[in-house]
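Shown below: work35.txt, with compact mmCIF, C-alpha atoms and all ligand atoms.
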# COMPACT_ATOMS: atom_id res chain seq x y z
CA MET A 1 0.31 6.44 -15.16
CA THR A 2 -2.95 4.68 -16.00
CA GLU A 3 -5.27 2.62 -13.80
CA ALA A 4 -4.29 -0.46 -15.84
CA GLN A 5 -0.62 0.17 -15.11
CA ILE A 6 -1.35 0.48 -11.38
CA ARG A 7 -3.32 -2.79 -11.46
CA LYS A 8 -0.35 -4.44 -13.17
CA LEU A 9 1.95 -3.19 -10.40
CA VAL A 10 -0.48 -4.52 -7.77
CA THR A 11 -0.37 -7.97 -9.41
CA LYS A 12 3.43 -7.82 -9.56
CA TRP A 13 3.76 -6.88 -5.86
CA GLN A 14 1.07 -9.29 -4.75
CA LYS A 15 3.20 -12.12 -6.17
CA ARG A 16 6.49 -10.65 -4.97
CA LEU A 17 5.23 -10.32 -1.37
CA GLY A 18 3.71 -13.81 -1.30
CA LEU A 19 0.15 -12.54 -1.06
CA GLY A 20 -1.18 -14.82 -3.78
CA GLU A 21 -3.94 -16.24 -1.59
CA TRP A 22 -5.33 -12.79 -0.85
CA HIS A 23 -8.25 -11.25 -2.69
CA LEU A 24 -7.24 -7.67 -3.38
CA MET A 25 -9.88 -5.22 -4.51
CA VAL A 26 -8.31 -2.23 -6.24
CA LYS A 27 -10.25 1.01 -6.46
CA PHE A 28 -9.46 4.47 -7.78
CA ASP A 29 -10.82 7.56 -6.06
CA ASP A 30 -9.57 11.03 -6.90
CA THR A 31 -11.71 12.63 -4.17
CA MET A 32 -9.96 10.99 -1.23
CA ALA A 33 -7.67 13.11 0.95
CA SER A 34 -4.71 10.74 0.91
CA ILE A 35 -2.65 9.38 -1.96
CA ALA A 36 -3.63 5.80 -1.20
CA ASP A 37 -4.99 3.68 1.60
CA CYS A 38 -5.59 0.09 2.49
CA GLU A 39 -8.18 -1.73 4.53
CA ALA A 40 -7.17 -5.31 5.17
CA HIS A 41 -9.27 -8.04 6.77
CA TRP A 42 -6.40 -10.42 7.36
CA ARG A 43 -8.47 -13.20 8.92
CA TYR A 44 -10.28 -13.58 5.59
CA LEU A 45 -7.35 -12.67 3.33
CA HIS A 46 -9.25 -9.79 1.81
CA ALA A 47 -8.14 -6.21 1.33
CA THR A 48 -9.38 -3.12 -0.44
CA ILE A 49 -6.70 -0.78 -1.71
CA ARG A 50 -7.63 2.66 -3.00
CA PHE A 51 -5.43 4.91 -5.09
CA ASN A 52 -5.77 8.59 -5.84
CA LEU A 53 -4.06 8.58 -9.22
CA PRO A 54 -3.92 12.38 -9.79
CA LYS A 55 -2.26 12.82 -6.38
CA MET A 56 0.19 9.99 -7.12
CA ASP A 57 1.08 11.64 -10.45
CA ALA A 58 1.52 15.05 -8.79
CA ARG A 59 3.75 13.71 -6.00
CA ALA A 60 5.90 11.67 -8.39
CA ALA A 61 6.40 14.82 -10.48
CA TYR A 62 7.97 16.82 -7.64
CA GLN A 63 9.42 13.95 -5.60
CA PRO A 64 10.94 11.58 -8.17
CA LEU A 65 11.86 8.98 -5.52
CA GLU A 66 8.20 8.69 -4.49
CA THR A 67 7.35 6.47 -7.43
CA HIS A 68 4.03 4.86 -8.22
CA GLU A 69 5.73 1.52 -7.68
CA LEU A 70 6.80 2.51 -4.16
CA THR A 71 3.23 3.60 -3.38
CA VAL A 72 1.89 0.25 -4.59
CA ALA A 73 4.58 -1.64 -2.65
CA HIS A 74 3.74 0.45 0.44
CA GLU A 75 0.03 -0.38 0.29
CA LEU A 76 0.74 -4.08 -0.25
CA THR A 77 3.17 -4.00 2.67
CA HIS A 78 0.23 -2.77 4.74
CA VAL A 79 -1.56 -5.96 3.64
CA LEU A 80 1.49 -8.04 4.57
CA LEU A 81 1.71 -6.46 8.03
CA ALA A 82 -2.04 -6.28 8.67
CA PRO A 83 -2.12 -8.99 11.38
CA ILE A 84 0.45 -7.00 13.38
CA ASN A 85 -2.02 -4.09 13.64
CA ASP A 86 -4.16 -6.16 15.97
CA MET A 87 -1.27 -7.12 18.22
CA PHE A 88 -0.98 -3.59 19.58
CA GLY A 89 -4.57 -3.31 20.77
CA LYS A 90 -6.27 0.07 20.88
CA TYR A 91 -5.58 2.51 18.04
CA THR A 92 -3.39 5.44 19.01
CA LYS A 93 -1.55 8.12 17.04
CA GLN A 94 1.76 6.68 18.22
CA LYS A 95 0.78 3.19 17.10
CA ALA A 96 -0.33 4.50 13.72
CA ALA A 97 2.95 6.39 13.30
CA LEU A 98 5.03 3.33 14.20
CA LEU A 99 3.10 1.09 11.85
CA GLU A 100 3.39 3.64 9.06
CA TYR A 101 7.15 3.83 9.62
CA ALA A 102 7.49 0.03 9.66
CA THR A 103 5.43 -0.18 6.47
CA GLU A 104 7.37 2.51 4.63
CA ILE A 105 10.85 1.32 5.61
CA THR A 106 9.93 -2.26 4.65
CA ALA A 107 8.41 -1.21 1.32
CA ARG A 108 11.52 0.85 0.50
CA ALA A 109 13.73 -2.17 1.23
CA PHE A 110 11.58 -4.35 -1.02
CA VAL A 111 11.68 -1.84 -3.89
CA ALA A 112 15.43 -1.23 -3.49
CA ASN A 113 16.07 -4.96 -3.77
CA ALA A 114 13.53 -5.67 -6.51
ZN ZN B 1 0.69 3.73 4.82
Can the structure from this file be put into structure tokens for me?
Amino acid sequence: MTEAQIRKLVTKWQKRLGLGEWHLMVKFDDTMASIADCEAHWRYLHATIRFNLPKMDARAAYQPLETHELTVAHELTHVLLAPINDMFGKYTKQKAALLEYATEITARAFVANA
């Protein structure tokens, strides 16, 4: 998949999740350790989402259900849920795991019903 196709998916999911007022900066970085990540400043409706396209391609090749669209929906669900991060206070591994689970299960529901 190309960067342009990912950007198109971001636009699609930004609308679908009602994040039209947000400014989303999309970056591509094939040196990052993870497949994608998101840093959202919810008070200012601004988020930076980074994608590691080669890693996304590789994962989709051996795990067909882990589609590029699901990855995009997952990162935008992080944007949607960003204010909830602050409700839990101090960062812990358990908190991170719970938020990751909530993000993934929600993104999968969105994609399944798209
Ligand atoms: Zn995540």
Query - Atomic distance CA of Gly89 (chain A) - CA of Tyr44 (chain A), expressed in Å with one decimal - result: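 One can read the CA of Gly89 (chain A) to CA of Tyr44 (chain A) distance as 19.2 Å.
Taking CA of Leu19 (chain A) and CA of Thr77 (chain A) as endpoints, the distance between them is 9.8 Å.
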**Report entry** Selection near region 100-104 of chain A, 10 Å with all atoms listed in the file, sequence-local residues under 3 positions removed, as a ChimeraX atom specification
**Finding:** /A:70-71,73-82,94-97,107-110
Report summary line: In Å and to one decimal, CA of Glu39 (chain A) is distant from CA of Ile84 (chain A) by 13.4 Å
Query raised in the report: For ligand ZN 1 (chain B), which residue out of A:His23, A:Arg7, A:Arg43, A:Arg50 is the nearest one, using only C-alpha atoms and all ligand atoms?
Result: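 Among the listed residues, A:Arg50 lies closest to ligand ZN 1 (chain B).
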Report task. Could you check which of A:Lys90, A:Lys55, A:His46, A:His41 is closest to Trp22 (chain A), using all atoms listed in the file? Result ->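 That would be A:His46, the residue with the smallest distance to Trp22 (chain A).
Among the candidates A:Gln14, A:Asn52, A:Asn85, A:Thr92, the residue lying nearest to Ala40 (chain A) is A:Asn85 (atoms considered: all atoms listed in the file).
Checking A:Val111, A:Cys38, A:Leu17, A:Leu24 one by one against ligand ZN 1 (chain B), counting all atoms listed in the file, you find the shortest gap at A:Cys38.
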Report task. May I ask which of the residues A:Leu65, A:Ala60, A:Val72, A:Ile105 is the closest one to Asp37 (chain A), counting all atoms listed in the file? Result ->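 Smallest separation from Asp37 (chain A) among the options: A:Val72.
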Query - Residue with smallest distance to Val26 (chain A) - pool A:Leu45, A:Trp13, A:Thr67, A:Ile6, counting only C-alpha atoms - result: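 Ranked by minimum distance to Val26 (chain A), first place goes to A:Ile6.
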Report task. Could you please give me, as a ChimeraX atom specification, the residues of protein, DNA or RNA lying at most 12 Å from (-2.9, 15.3, -9.2) in the coordinate frame of the file, considering only C-alpha atoms? Result -> /A:1,29-35,51-62
Padded axis-aligned box of region 10-18 of chain A (5 Å per side), centre and edge lengths, Å, one decimal, as AutoDock Vina command-line options:
--center_x 3.0 --center_y -9.2 --center_z -5.4 --size_x 17.0 --size_y 19.3 --size_z 18.3
